[in-house]
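Chemist: For reference, the file model.csv (CSV, C-alpha atoms) is included below:
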```csv
chain,number,residue,atom,x,y,z
A,1,MET,CA,0.0,0.0,0.0
A,2,ASP,CA,2.9,2.4,0.8
A,3,GLU,CA,4.4,1.7,-2.6
A,4,PHE,CA,1.1,2.4,-4.3
A,5,THR,CA,0.7,5.7,-2.4
A,6,LYS,CA,4.3,6.7,-3.3
A,7,PHE,CA,3.6,5.8,-6.9
A,8,ASN,CA,0.3,7.7,-7.0
A,9,ASN,CA,2.0,10.8,-5.6
A,10,GLN,CA,4.2,11.0,-8.7
A,11,THR,CA,2.9,12.8,-11.8
A,12,ALA,CA,4.1,10.0,-14.0
A,13,GLY,CA,2.4,7.5,-11.7
A,14,ARG,CA,-1.0,9.2,-12.0
A,15,ASP,CA,-0.5,9.4,-15.7
A,16,LYS,CA,0.0,5.6,-15.9
A,17,ILE,CA,-3.1,5.0,-13.7
A,18,PHE,CA,-5.2,7.3,-16.0
A,19,ARG,CA,-3.7,5.6,-19.0
A,20,PHE,CA,-4.7,2.2,-17.7
A,21,LEU,CA,-8.3,3.4,-17.0
A,22,GLN,CA,-8.5,5.1,-20.4
A,23,TYR,CA,-7.6,1.9,-22.4
A,24,LEU,CA,-10.0,-0.1,-20.1
A,25,SER,CA,-12.8,2.4,-21.0
A,26,ARG,CA,-12.0,1.9,-24.7
A,27,ILE,CA,-12.4,-1.8,-24.3
A,28,LEU,CA,-15.8,-1.3,-22.6
A,29,TRP,CA,-17.3,1.1,-25.1
A,30,ASN,CA,-16.0,-1.0,-28.1
A,31,ASN,CA,-17.5,-4.1,-26.5
A,32,LEU,CA,-20.8,-2.3,-25.9
A,33,GLU,CA,-20.9,-1.0,-29.4
A,34,ARG,CA,-20.1,-4.4,-30.9
A,35,ASN,CA,-22.7,-6.2,-28.8
A,36,GLY,CA,-25.5,-3.7,-29.5
A,37,GLY,CA,-25.4,-1.8,-26.3
A,38,SER,CA,-27.6,1.3,-25.9
A,39,PRO,CA,-26.2,4.4,-27.6
A,40,GLN,CA,-26.5,6.3,-24.3
A,41,LYS,CA,-24.2,3.9,-22.4
A,42,VAL,CA,-21.7,3.9,-25.3
A,43,GLN,CA,-21.7,7.7,-25.3
A,44,GLN,CA,-21.2,7.7,-21.5
A,45,VAL,CA,-18.2,5.4,-21.6
A,46,ARG,CA,-16.8,7.3,-24.6
A,47,LYS,CA,-17.1,10.5,-22.5
A,48,ILE,CA,-15.1,8.9,-19.7
A,49,ASP,CA,-12.4,8.0,-22.3
A,50,GLU,CA,-12.3,11.6,-23.5
A,51,ILE,CA,-12.1,13.0,-20.0
A,52,LEU,CA,-9.3,10.6,-19.0
A,53,GLY,CA,-7.4,11.5,-22.2
A,54,LEU,CA,-7.7,15.2,-21.5
A,55,MET,CA,-6.6,14.7,-17.8
A,56,ARG,CA,-3.5,12.9,-19.1
A,57,ARG,CA,-2.7,15.7,-21.5
A,58,VAL,CA,-3.0,18.3,-18.7
A,59,LEU,CA,-0.7,16.2,-16.4
A,60,ARG,CA,1.9,16.0,-19.2
A,61,PHE,CA,1.7,19.7,-20.0
A,62,GLY,CA,5.2,21.2,-20.1
A,63,ARG,CA,7.0,17.8,-20.1
A,64,PHE,CA,8.4,18.4,-23.6
A,65,PHE,CA,11.0,20.8,-22.2
A,66,GLU,CA,12.0,18.4,-19.5
A,67,THR,CA,12.3,15.6,-22.1
A,68,LEU,CA,14.3,17.6,-24.6
A,69,HIS,CA,16.6,18.9,-21.8
A,70,SER,CA,17.3,15.3,-20.8
A,71,VAL,CA,19.0,14.7,-24.2
A,72,LEU,CA,22.1,16.6,-23.1
A,73,PRO,CA,23.2,14.2,-20.3
A,74,VAL,CA,22.9,11.3,-22.6
A,75,PHE,CA,25.6,12.7,-24.9
A,76,SER,CA,27.9,13.5,-22.0
A,77,SER,CA,27.5,10.3,-19.9
A,78,VAL,CA,26.9,7.4,-22.4
A,79,THR,CA,30.0,6.2,-24.2
A,80,ASN,CA,28.5,3.5,-26.4
A,81,PRO,CA,27.6,5.2,-29.7
A,82,ILE,CA,24.6,3.0,-30.6
A,83,ILE,CA,23.0,3.4,-27.1
A,84,ARG,CA,23.8,7.1,-27.1
A,85,PHE,CA,22.2,7.7,-30.5
A,86,THR,CA,19.1,5.6,-29.9
A,87,SER,CA,18.5,7.0,-26.4
A,88,ALA,CA,19.1,10.6,-27.5
A,89,MET,CA,17.0,10.5,-30.6
A,90,SER,CA,14.2,8.6,-28.8
A,91,ARG,CA,14.0,11.5,-26.3
A,92,VAL,CA,14.0,14.0,-29.1
A,93,SER,CA,11.1,12.2,-30.8
A,94,ASN,CA,9.3,11.9,-27.5
A,95,GLY,CA,9.8,15.7,-26.9
A,96,CYS,CA,8.4,16.5,-30.3
A,97,TYR,CA,5.5,14.2,-29.7
A,98,MET,CA,4.7,16.0,-26.4
A,99,PHE,CA,5.1,19.5,-27.9
A,100,ILE,CA,2.5,18.7,-30.5
A,101,ASP,CA,0.3,17.0,-27.9
A,102,HIS,CA,0.5,20.2,-25.8
A,103,ILE,CA,-0.9,22.2,-28.8
A,104,VAL,CA,-3.8,19.7,-29.2
A,105,CYS,CA,-4.4,19.9,-25.4
A,106,LEU,CA,-4.8,23.7,-25.7
A,107,ASP,CA,-7.3,23.2,-28.4
A,108,LYS,CA,-9.2,20.7,-26.4
A,109,LEU,CA,-9.3,23.1,-23.4
A,110,GLY,CA,-10.6,25.9,-25.7
A,111,ILE,CA,-7.6,28.2,-25.1
A,112,ILE,CA,-6.8,28.2,-28.8
A,113,SER,CA,-8.9,27.3,-31.8
A,114,LEU,CA,-7.6,25.0,-34.5
A,115,LYS,CA,-9.4,24.0,-37.7
A,116,LYS,CA,-10.4,20.3,-37.9
A,117,ILE,CA,-8.0,19.8,-40.8
A,118,ASN,CA,-5.1,21.3,-38.9
A,119,LEU,CA,-6.0,19.4,-35.7
A,120,SER,CA,-6.1,16.0,-37.6
A,121,LYS,CA,-2.7,16.8,-39.2
A,122,LEU,CA,-1.2,17.6,-35.8
A,123,GLU,CA,-2.6,14.4,-34.2
A,124,LYS,CA,-1.1,12.4,-37.1
A,125,MET,CA,2.2,14.1,-36.7
A,126,SER,CA,2.3,13.4,-33.0
A,127,SER,CA,1.6,9.7,-33.6
A,128,GLN,CA,4.5,9.6,-36.1
A,129,PHE,CA,6.9,11.1,-33.6
A,130,TRP,CA,5.6,8.6,-31.0
A,131,LEU,CA,6.2,5.8,-33.5
A,132,TYR,CA,9.8,7.0,-34.1
A,133,ALA,CA,10.4,7.0,-30.4
A,134,ILE,CA,9.1,3.5,-30.0
A,135,LEU,CA,11.2,2.2,-33.0
A,136,LEU,CA,14.3,3.8,-31.6
A,137,GLY,CA,13.6,2.2,-28.2
A,138,LEU,CA,13.2,-1.2,-29.8
A,139,THR,CA,16.4,-0.8,-31.7
A,140,ARG,CA,18.2,-0.1,-28.5
A,141,ASP,CA,16.5,-3.1,-26.8
A,142,ILE,CA,17.6,-5.5,-29.7
A,143,TYR,CA,21.2,-4.1,-29.5
A,144,GLU,CA,21.2,-4.8,-25.7
A,145,ILE,CA,19.9,-8.3,-26.2
A,146,ILE,CA,22.6,-9.0,-28.9
A,147,GLN,CA,25.4,-7.7,-26.6
A,148,VAL,CA,24.2,-9.7,-23.6
A,149,TYR,CA,24.0,-12.8,-25.8
A,150,LYS,CA,27.5,-12.3,-27.1
A,151,GLU,CA,28.9,-11.7,-23.6
A,152,GLU,CA,27.2,-14.5,-21.7
A,153,TYR,CA,26.7,-17.2,-24.4
A,154,GLY,CA,29.5,-16.4,-26.9
A,155,THR,CA,32.1,-18.5,-25.1
A,156,LYS,CA,29.8,-21.5,-24.7
A,157,ILE,CA,28.9,-21.4,-28.4
A,158,HIS,CA,32.6,-21.1,-29.4
A,159,PHE,CA,33.5,-24.0,-27.2
A,160,ALA,CA,30.7,-26.1,-28.7
A,161,LYS,CA,31.8,-25.4,-32.2
A,162,HIS,CA,35.4,-26.1,-31.3
A,163,LYS,CA,34.4,-29.4,-29.7
A,164,THR,CA,32.4,-30.4,-32.8
A,165,SER,CA,35.2,-29.5,-35.2
A,166,SER,CA,37.7,-31.5,-33.0
A,167,ALA,CA,35.4,-34.5,-33.1
A,168,ILE,CA,35.2,-34.3,-36.9
A,169,MET,CA,39.0,-34.1,-37.2
A,170,LEU,CA,39.4,-37.1,-34.9
A,171,ASP,CA,36.8,-39.0,-36.9
A,172,ARG,CA,38.6,-38.2,-40.1
A,173,SER,CA,42.0,-39.2,-38.8
A,174,GLY,CA,40.5,-42.4,-37.3
A,175,SER,CA,38.7,-43.4,-40.4
A,176,ARG,CA,42.0,-43.7,-42.2
A,177,ILE,CA,42.9,-46.9,-40.3
A,178,LEU,CA,39.4,-48.4,-40.4
A,179,SER,CA,39.0,-51.4,-42.7
A,180,GLU,CA,36.5,-51.5,-45.5
A,181,SER,CA,34.1,-53.8,-43.5
A,182,ALA,CA,34.2,-51.6,-40.5
A,183,LYS,CA,33.3,-48.6,-42.6
A,184,MET,CA,30.3,-50.4,-44.1
A,185,GLU,CA,29.2,-51.5,-40.6
A,186,ALA,CA,29.5,-47.9,-39.4
A,187,GLU,CA,27.4,-46.6,-42.3
A,188,VAL,CA,24.6,-49.2,-41.7
A,189,THR,CA,24.5,-48.3,-38.0
A,190,SER,CA,24.5,-44.6,-38.8
A,191,THR,CA,21.6,-45.1,-41.2
A,192,ILE,CA,19.5,-47.0,-38.6
A,193,ASN,CA,20.1,-44.5,-35.8
A,194,SER,CA,20.0,-41.3,-37.9
A,195,GLU,CA,16.3,-40.5,-37.2
A,196,LYS,CA,16.6,-41.2,-33.5
A,197,GLN,CA,19.7,-39.1,-33.2
A,198,CYS,CA,18.1,-36.3,-35.2
A,199,CYS,CA,15.1,-36.2,-32.8
A,200,GLU,CA,17.4,-36.3,-29.8
A,201,GLN,CA,19.5,-33.5,-31.1
A,202,LYS,CA,16.4,-31.4,-31.9
A,203,LEU,CA,15.1,-32.0,-28.4
A,204,ILE,CA,18.4,-31.1,-26.8
A,205,LYS,CA,18.6,-27.9,-28.8
A,206,CYS,CA,15.0,-26.9,-27.9
A,207,VAL,CA,15.7,-27.5,-24.2
A,208,HIS,CA,18.9,-25.5,-24.4
A,209,ARG,CA,17.2,-22.6,-26.1
A,210,LEU,CA,14.4,-22.6,-23.5
A,211,ASN,CA,17.1,-22.6,-20.7
A,212,VAL,CA,18.9,-19.7,-22.4
A,213,ILE,CA,15.6,-17.7,-22.8
A,214,GLY,CA,14.6,-18.5,-19.2
A,215,HIS,CA,18.1,-17.4,-17.9
A,216,PHE,CA,17.9,-14.2,-19.9
A,217,LEU,CA,14.4,-13.3,-18.7
A,218,LEU,CA,15.3,-13.9,-15.0
A,219,ASN,CA,18.7,-12.2,-15.1
A,220,HIS,CA,17.9,-9.2,-17.4
A,221,ALA,CA,14.5,-8.1,-16.2
A,222,ASP,CA,15.2,-4.5,-17.3
A,223,ILE,CA,15.7,-5.5,-20.9
A,224,THR,CA,12.7,-7.9,-20.8
A,225,VAL,CA,10.3,-5.3,-19.4
A,226,ASP,CA,11.4,-2.5,-21.7
A,227,THR,CA,11.3,-4.7,-24.8
A,228,SER,CA,7.8,-6.1,-23.9
A,229,LYS,CA,6.5,-2.5,-23.3
A,230,ASN,CA,7.9,-1.2,-26.6
A,231,LEU,CA,6.5,-4.2,-28.5
A,232,CYS,CA,3.0,-3.6,-27.1
A,233,ASP,CA,3.3,0.1,-27.6
A,234,LEU,CA,4.3,-0.4,-31.3
A,235,PHE,CA,0.8,-1.4,-32.3
A,236,LEU,CA,-0.8,1.7,-30.9
A,237,PRO,CA,0.6,4.3,-33.3
A,238,LEU,CA,0.7,1.8,-36.2
A,239,SER,CA,-3.1,1.4,-35.7
A,240,SER,CA,-3.9,5.1,-35.2
A,241,LEU,CA,-1.9,6.0,-38.4
A,242,GLY,CA,-3.7,3.3,-40.4
A,243,TYR,CA,-0.5,1.4,-41.2
A,244,LEU,CA,-1.9,-1.7,-39.5
A,245,LYS,CA,-5.5,-2.8,-39.2
A,246,VAL,CA,-6.0,-4.2,-35.7
A,247,ASN,CA,-9.1,-4.9,-33.7
A,248,PRO,CA,-9.7,-1.9,-31.4
A,249,ILE,CA,-10.3,-4.1,-28.4
A,250,LEU,CA,-6.9,-5.8,-29.0
A,251,VAL,CA,-5.2,-2.4,-29.4
A,252,SER,CA,-6.7,-1.3,-26.1
A,253,PHE,CA,-5.7,-4.5,-24.4
A,254,LEU,CA,-2.1,-4.0,-25.7
A,255,GLY,CA,-2.3,-0.5,-24.3
A,256,ILE,CA,-3.2,-1.9,-20.8
A,257,VAL,CA,-0.4,-4.5,-21.0
A,258,SER,CA,2.2,-1.8,-22.0
A,259,THR,CA,1.0,0.4,-19.2
A,260,VAL,CA,1.5,-2.4,-16.7
A,261,PHE,CA,5.1,-3.0,-18.0
A,262,SER,CA,5.8,0.8,-17.8
A,263,ILE,CA,4.6,0.8,-14.1
A,264,ILE,CA,7.0,-1.9,-13.1
A,265,PRO,CA,10.2,0.1,-13.3
A,266,GLN,CA,8.6,3.0,-11.4
A,267,ILE,CA,7.7,0.7,-8.5
A,268,ASN,CA,11.0,-1.3,-8.8
A,269,PRO,CA,13.9,0.8,-10.0
A,270,MET,CA,16.1,-2.3,-10.3
A,271,VAL,CA,14.3,-3.2,-13.6
A,272,LYS,CA,14.7,0.2,-15.1
A,273,MET,CA,16.7,0.6,-18.2
A,274,VAL,CA,19.7,3.0,-17.9
A,275,PRO,CA,19.7,5.4,-19.7
A,276,THR,CA,15.9,5.4,-20.3
A,277,THR,CA,14.7,6.0,-23.9
```
For the file at hand, write its structure as structure tokens.
Modeler:
Amino acid sequence: MDEFTKFNNQTAGRDKIFRFLQYLSRILWNNLERNGGSPQKVQQVRKIDEILGLMRRVLRFGRFFETLHSVLPVFSSVTNPIIRFTSAMSRVSNGCYMFIDHIVCLDKLGIISLKKINLSKLEKMSSQFWLYAILLGLTRDIYEIIQVYKEEYGTKIHFAKHKTSSAIMLDRSGSRILSESAKMEAEVTSTINSEKQCCEQKLIKCVHRLNVIGHFLLNHADITVDTSKNLCDLFLPLSSLGYLKVNPILVSFLGIVSTVFSIIPQINPMVKMVPTT
């Protein structure tokens, strides 16, 4: 309860709670609309969705400056060029997305008046910047996964290859002293057991891969959480931009899942990617 209170006291924490409720309301009104619910109920739930969306925009107001300002420490503190580029450009894209979102927020509040055509263009542009930020974040996640795989499993793979090649060399050298009858017997035995050995090898490889994946998920929770969040988020701008036709209920569900993944690092900083994208 204390952790939730601390989380709720943060502006980012309240935004995540409102985001969770907003996508939940979208599932409700889409489900009502699909199952022939009364137009009044659908309109009521849609209104809740709009109010939650506006509340989130108000909570984020001014964040674009903070996001853009956070780009400078990345260039000075991160030495890896790929992580530096993806992290910095992801923050720039996020800052641009928030800046446009602030303009839309002012229109929603009635402070400024935008034409419907201009408003739709701005909303499309903000979704594009959001998509760029997610893609850059995923690029960084994939790079981190490759680096961890090389560091932790590269030696084992190299040893396995060396062992296999050594066995082949021994087999070739030994085959020189085998008699013709022994060679024929070995070929017959190999033919009989080939299918069994193939199945066993596939099973061993499958178990090994599952062990590797399980080890990675347990020991690199920060990469796992961030990658899962970005993969779920990816479908949201793709759907809103019309690049991908996805069921609205599925999109809203992915939004809820990505919100849960984004809450985890705020509650437990040990699974937070450093630097964040």
Chemist: Point out the residue among A:Val42, A:Val225, A:Met273, A:Val104 with the least atom-to-atom distance to A:Trp29, counting all atoms listed in the file.
Modeler: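 Between A:Val42, A:Val225, A:Met273, A:Val104, the residue approaching A:Trp29 most closely is A:Val42.
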Chemist: A:Ser126: which residues within 7 Å, counting all atoms listed in the file, same-chain residues fewer than 3 positions away excluded, as a list of chain:residue names?
Modeler: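 Counting all atoms listed in the file, the residues come to A:Tyr97, A:Ile100, A:Asp101, A:Leu122, A:Glu123, A:Phe129, A:Trp130.
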Chemist: Would you mind reading off the distance between atom CA of A:Arg63 and atom CA of A:Gln266, one decimal, in Å?
Modeler: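 Straight-line distance from atom CA of A:Arg63 to atom CA of A:Gln266 works out to 17.2 Å.
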Chemist: For A:Ile134, which residue out of A:Glu33, A:Glu50, A:Asp226, A:Asp15 is the nearest one, using all atoms listed in the file?
Modeler: A:Asp226
Chemist: Between atom CA of A:Ser25 and atom CA of A:Leu52, what is the distance in Å, rounded to a tenth?
Modeler: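 Computed distance, atom CA of A:Ser25 to atom CA of A:Leu52, equals 9.1 Å.
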Chemist: Take the point (18.1, 3.0, -17.0) in the file's coordinates, draw a sphere of radius 12 Å around it, and report as a list in words every protein, DNA or RNA residue with an atom inside or on it, counting only C-alpha atoms.
Modeler: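 Within 12 Å of (18.1, 3.0, -17.0), the protein and nucleic acid residues are Val74, Val78, Ile83, Ser87, Arg140, Asp141, Ala221, Asp222, Ile223, Val225, Asp226, Pro265, Gln266, Asn268, Pro269, Met270, Val271, Lys272, Met273, Val274, Pro275, Thr276 and Thr277 of chain A.
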Chemist: Keeping only C-alpha atoms, take the residues you just selected and write them out as a tab-separated table (two decimals), in the frame of the given file.
Modeler:
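So the final result, stored in out-v2.tsv, reads:
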```
chain	number	residue	atom	x	y	z
A	74	VAL	CA	22.90	11.30	-22.60
A	78	VAL	CA	26.90	7.40	-22.40
A	83	ILE	CA	23.00	3.40	-27.10
A	87	SER	CA	18.50	7.00	-26.40
A	140	ARG	CA	18.20	-0.10	-28.50
A	141	ASP	CA	16.50	-3.10	-26.80
A	221	ALA	CA	14.50	-8.10	-16.20
A	222	ASP	CA	15.20	-4.50	-17.30
A	223	ILE	CA	15.70	-5.50	-20.90
A	225	VAL	CA	10.30	-5.30	-19.40
A	226	ASP	CA	11.40	-2.50	-21.70
A	265	PRO	CA	10.20	0.10	-13.30
A	266	GLN	CA	8.60	3.00	-11.40
A	268	ASN	CA	11.00	-1.30	-8.80
A	269	PRO	CA	13.90	0.80	-10.00
A	270	MET	CA	16.10	-2.30	-10.30
A	271	VAL	CA	14.30	-3.20	-13.60
A	272	LYS	CA	14.70	0.20	-15.10
A	273	MET	CA	16.70	0.60	-18.20
A	274	VAL	CA	19.70	3.00	-17.90
A	275	PRO	CA	19.70	5.40	-19.70
A	276	THR	CA	15.90	5.40	-20.30
A	277	THR	CA	14.70	6.00	-23.90
```
Chemist: Excluding A:Ser239 and its own-chain neighbours fewer than 5 positions away, which residues fall within 12 Å of it when counting only C-alpha atoms? Please give them as a list in words.
Modeler: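 Result of the neighbour search: Lys124, Ser127, Gln128, Leu131, Cys232, Asp233, Leu234, Leu244, Lys245, Val246, Asn247, Pro248, Ile249, Leu250, Val251, Ser252, Leu254 and Gly255 of chain A.
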Chemist: Select, from A:His102, A:Lys47, A:Pro39, A:Asn30, the residue with the minimum atom-to-atom distance to A:Arg60, counting all atoms listed in the file.
Modeler: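 Closest residue, counting all atoms listed in the file: A:His102.
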Chemist: If I take atom CA of A:Arg14 and atom CA of A:Asp49, how far is one from the other in Å, to one decimal?
Modeler: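 Pair atom CA of A:Arg14 / atom CA of A:Asp49 returns 15.4 Å.
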Chemist: I want to know what sits within 12 Å of A:Ile82, based on only C-alpha atoms, with residues of the same chain fewer than 3 positions away left out; could you give that as a short mmCIF file (atom, residue, chain, number, x, y, z; two decimals) with C-alpha atoms, in the frame of the given file?
Modeler:
```
data_model
loop_
_atom_site.label_atom_id
_atom_site.label_comp_id
_atom_site.auth_asym_id
_atom_site.auth_seq_id
_atom_site.Cartn_x
_atom_site.Cartn_y
_atom_site.Cartn_z
CA VAL A 74 22.90 11.30 -22.60
CA PHE A 75 25.60 12.70 -24.90
CA VAL A 78 26.90 7.40 -22.40
CA THR A 79 30.00 6.20 -24.20
CA PHE A 85 22.20 7.70 -30.50
CA THR A 86 19.10 5.60 -29.90
CA SER A 87 18.50 7.00 -26.40
CA ALA A 88 19.10 10.60 -27.50
CA MET A 89 17.00 10.50 -30.60
CA SER A 90 14.20 8.60 -28.80
CA LEU A 136 14.30 3.80 -31.60
CA GLY A 137 13.60 2.20 -28.20
CA THR A 139 16.40 -0.80 -31.70
CA ARG A 140 18.20 -0.10 -28.50
CA ASP A 141 16.50 -3.10 -26.80
CA ILE A 142 17.60 -5.50 -29.70
CA TYR A 143 21.20 -4.10 -29.50
CA GLU A 144 21.20 -4.80 -25.70
CA GLN A 147 25.40 -7.70 -26.60
#
```
Chemist: Hey, which of A:Gly110, A:Ile117, A:Tyr23, A:His220 ends up closest to A:Glu152? Count only C-alpha atoms.
Modeler: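 When distances to A:Glu152 are compared using only C-alpha atoms, the smallest one comes from A:His220.
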Chemist: Missing atoms in stretch 139-148 of chain A should be modelled up to all heavy atoms and reported as a short mmCIF file (atom, residue, chain, number, x, y, z; two decimals), keeping the file's coordinate frame.
Modeler:
```cif
data_model
loop_
_atom_site.label_atom_id
_atom_site.label_comp_id
_atom_site.auth_asym_id
_atom_site.auth_seq_id
_atom_site.Cartn_x
_atom_site.Cartn_y
_atom_site.Cartn_z
N THR A 139 15.08 -0.60 -31.16
CA THR A 139 16.40 -0.80 -31.70
C THR A 139 17.45 -0.91 -30.62
O THR A 139 18.34 -1.78 -30.66
CB THR A 139 16.78 0.40 -32.64
OG1 THR A 139 15.79 0.54 -33.66
CG2 THR A 139 18.15 0.20 -33.29
N ARG A 140 17.33 -0.06 -29.62
CA ARG A 140 18.20 -0.10 -28.50
C ARG A 140 18.06 -1.44 -27.70
O ARG A 140 19.05 -2.06 -27.28
CB ARG A 140 17.97 1.08 -27.56
CG ARG A 140 18.94 1.21 -26.38
CD ARG A 140 18.30 0.69 -25.10
NE ARG A 140 19.17 0.76 -23.98
CZ ARG A 140 19.20 1.76 -23.13
NH1 ARG A 140 18.43 2.80 -23.31
NH2 ARG A 140 20.03 1.72 -22.08
N ASP A 141 16.80 -1.88 -27.54
CA ASP A 141 16.50 -3.10 -26.80
C ASP A 141 17.18 -4.32 -27.57
O ASP A 141 17.80 -5.18 -26.93
CB ASP A 141 15.03 -3.38 -26.72
CG ASP A 141 14.36 -2.40 -25.77
OD1 ASP A 141 15.03 -1.90 -24.85
OD2 ASP A 141 13.16 -2.11 -25.96
N ILE A 142 17.01 -4.36 -28.89
CA ILE A 142 17.60 -5.50 -29.70
C ILE A 142 19.11 -5.45 -29.58
O ILE A 142 19.75 -6.49 -29.45
CB ILE A 142 17.14 -5.33 -31.16
CG1 ILE A 142 15.63 -5.58 -31.28
CG2 ILE A 142 17.90 -6.31 -32.05
CD1 ILE A 142 15.04 -5.22 -32.61
N TYR A 143 19.70 -4.25 -29.62
CA TYR A 143 21.20 -4.10 -29.50
C TYR A 143 21.61 -4.65 -28.12
O TYR A 143 22.61 -5.38 -28.03
CB TYR A 143 21.58 -2.68 -29.66
CG TYR A 143 23.05 -2.44 -29.42
CD1 TYR A 143 24.00 -2.79 -30.38
CD2 TYR A 143 23.49 -1.87 -28.22
CE1 TYR A 143 25.35 -2.60 -30.15
CE2 TYR A 143 24.84 -1.67 -28.00
CZ TYR A 143 25.77 -2.03 -28.96
OH TYR A 143 27.11 -1.83 -28.73
N GLU A 144 20.88 -4.30 -27.07
CA GLU A 144 21.20 -4.80 -25.70
C GLU A 144 21.13 -6.29 -25.64
O GLU A 144 21.99 -6.94 -25.02
CB GLU A 144 20.28 -4.13 -24.70
CG GLU A 144 20.43 -2.62 -24.53
CD GLU A 144 21.49 -2.25 -23.53
OE1 GLU A 144 22.27 -3.14 -23.12
OE2 GLU A 144 21.56 -1.07 -23.16
N ILE A 145 20.10 -6.86 -26.24
CA ILE A 145 19.90 -8.30 -26.20
C ILE A 145 21.10 -9.00 -26.94
O ILE A 145 21.64 -10.00 -26.46
CB ILE A 145 18.59 -8.71 -26.89
CG1 ILE A 145 17.41 -8.26 -26.02
CG2 ILE A 145 18.51 -10.22 -27.13
CD1 ILE A 145 16.06 -8.35 -26.70
N ILE A 146 21.49 -8.46 -28.10
CA ILE A 146 22.60 -9.00 -28.90
C ILE A 146 23.91 -8.97 -28.04
O ILE A 146 24.69 -9.93 -27.99
CB ILE A 146 22.78 -8.31 -30.21
CG1 ILE A 146 21.58 -8.63 -31.11
CG2 ILE A 146 24.07 -8.74 -30.89
CD1 ILE A 146 21.53 -7.79 -32.38
N GLN A 147 24.15 -7.83 -27.38
CA GLN A 147 25.40 -7.70 -26.60
C GLN A 147 25.40 -8.63 -25.42
O GLN A 147 26.45 -9.24 -25.15
CB GLN A 147 25.45 -6.21 -26.07
CG GLN A 147 25.71 -5.17 -27.14
CD GLN A 147 27.00 -5.44 -27.90
OE1 GLN A 147 27.00 -5.81 -29.07
NE2 GLN A 147 28.12 -5.27 -27.23
N VAL A 148 24.28 -8.78 -24.73
CA VAL A 148 24.20 -9.70 -23.60
C VAL A 148 24.43 -11.14 -24.08
O VAL A 148 25.15 -11.93 -23.46
CB VAL A 148 22.86 -9.59 -22.86
CG1 VAL A 148 22.68 -10.72 -21.86
CG2 VAL A 148 22.76 -8.24 -22.16
#
```
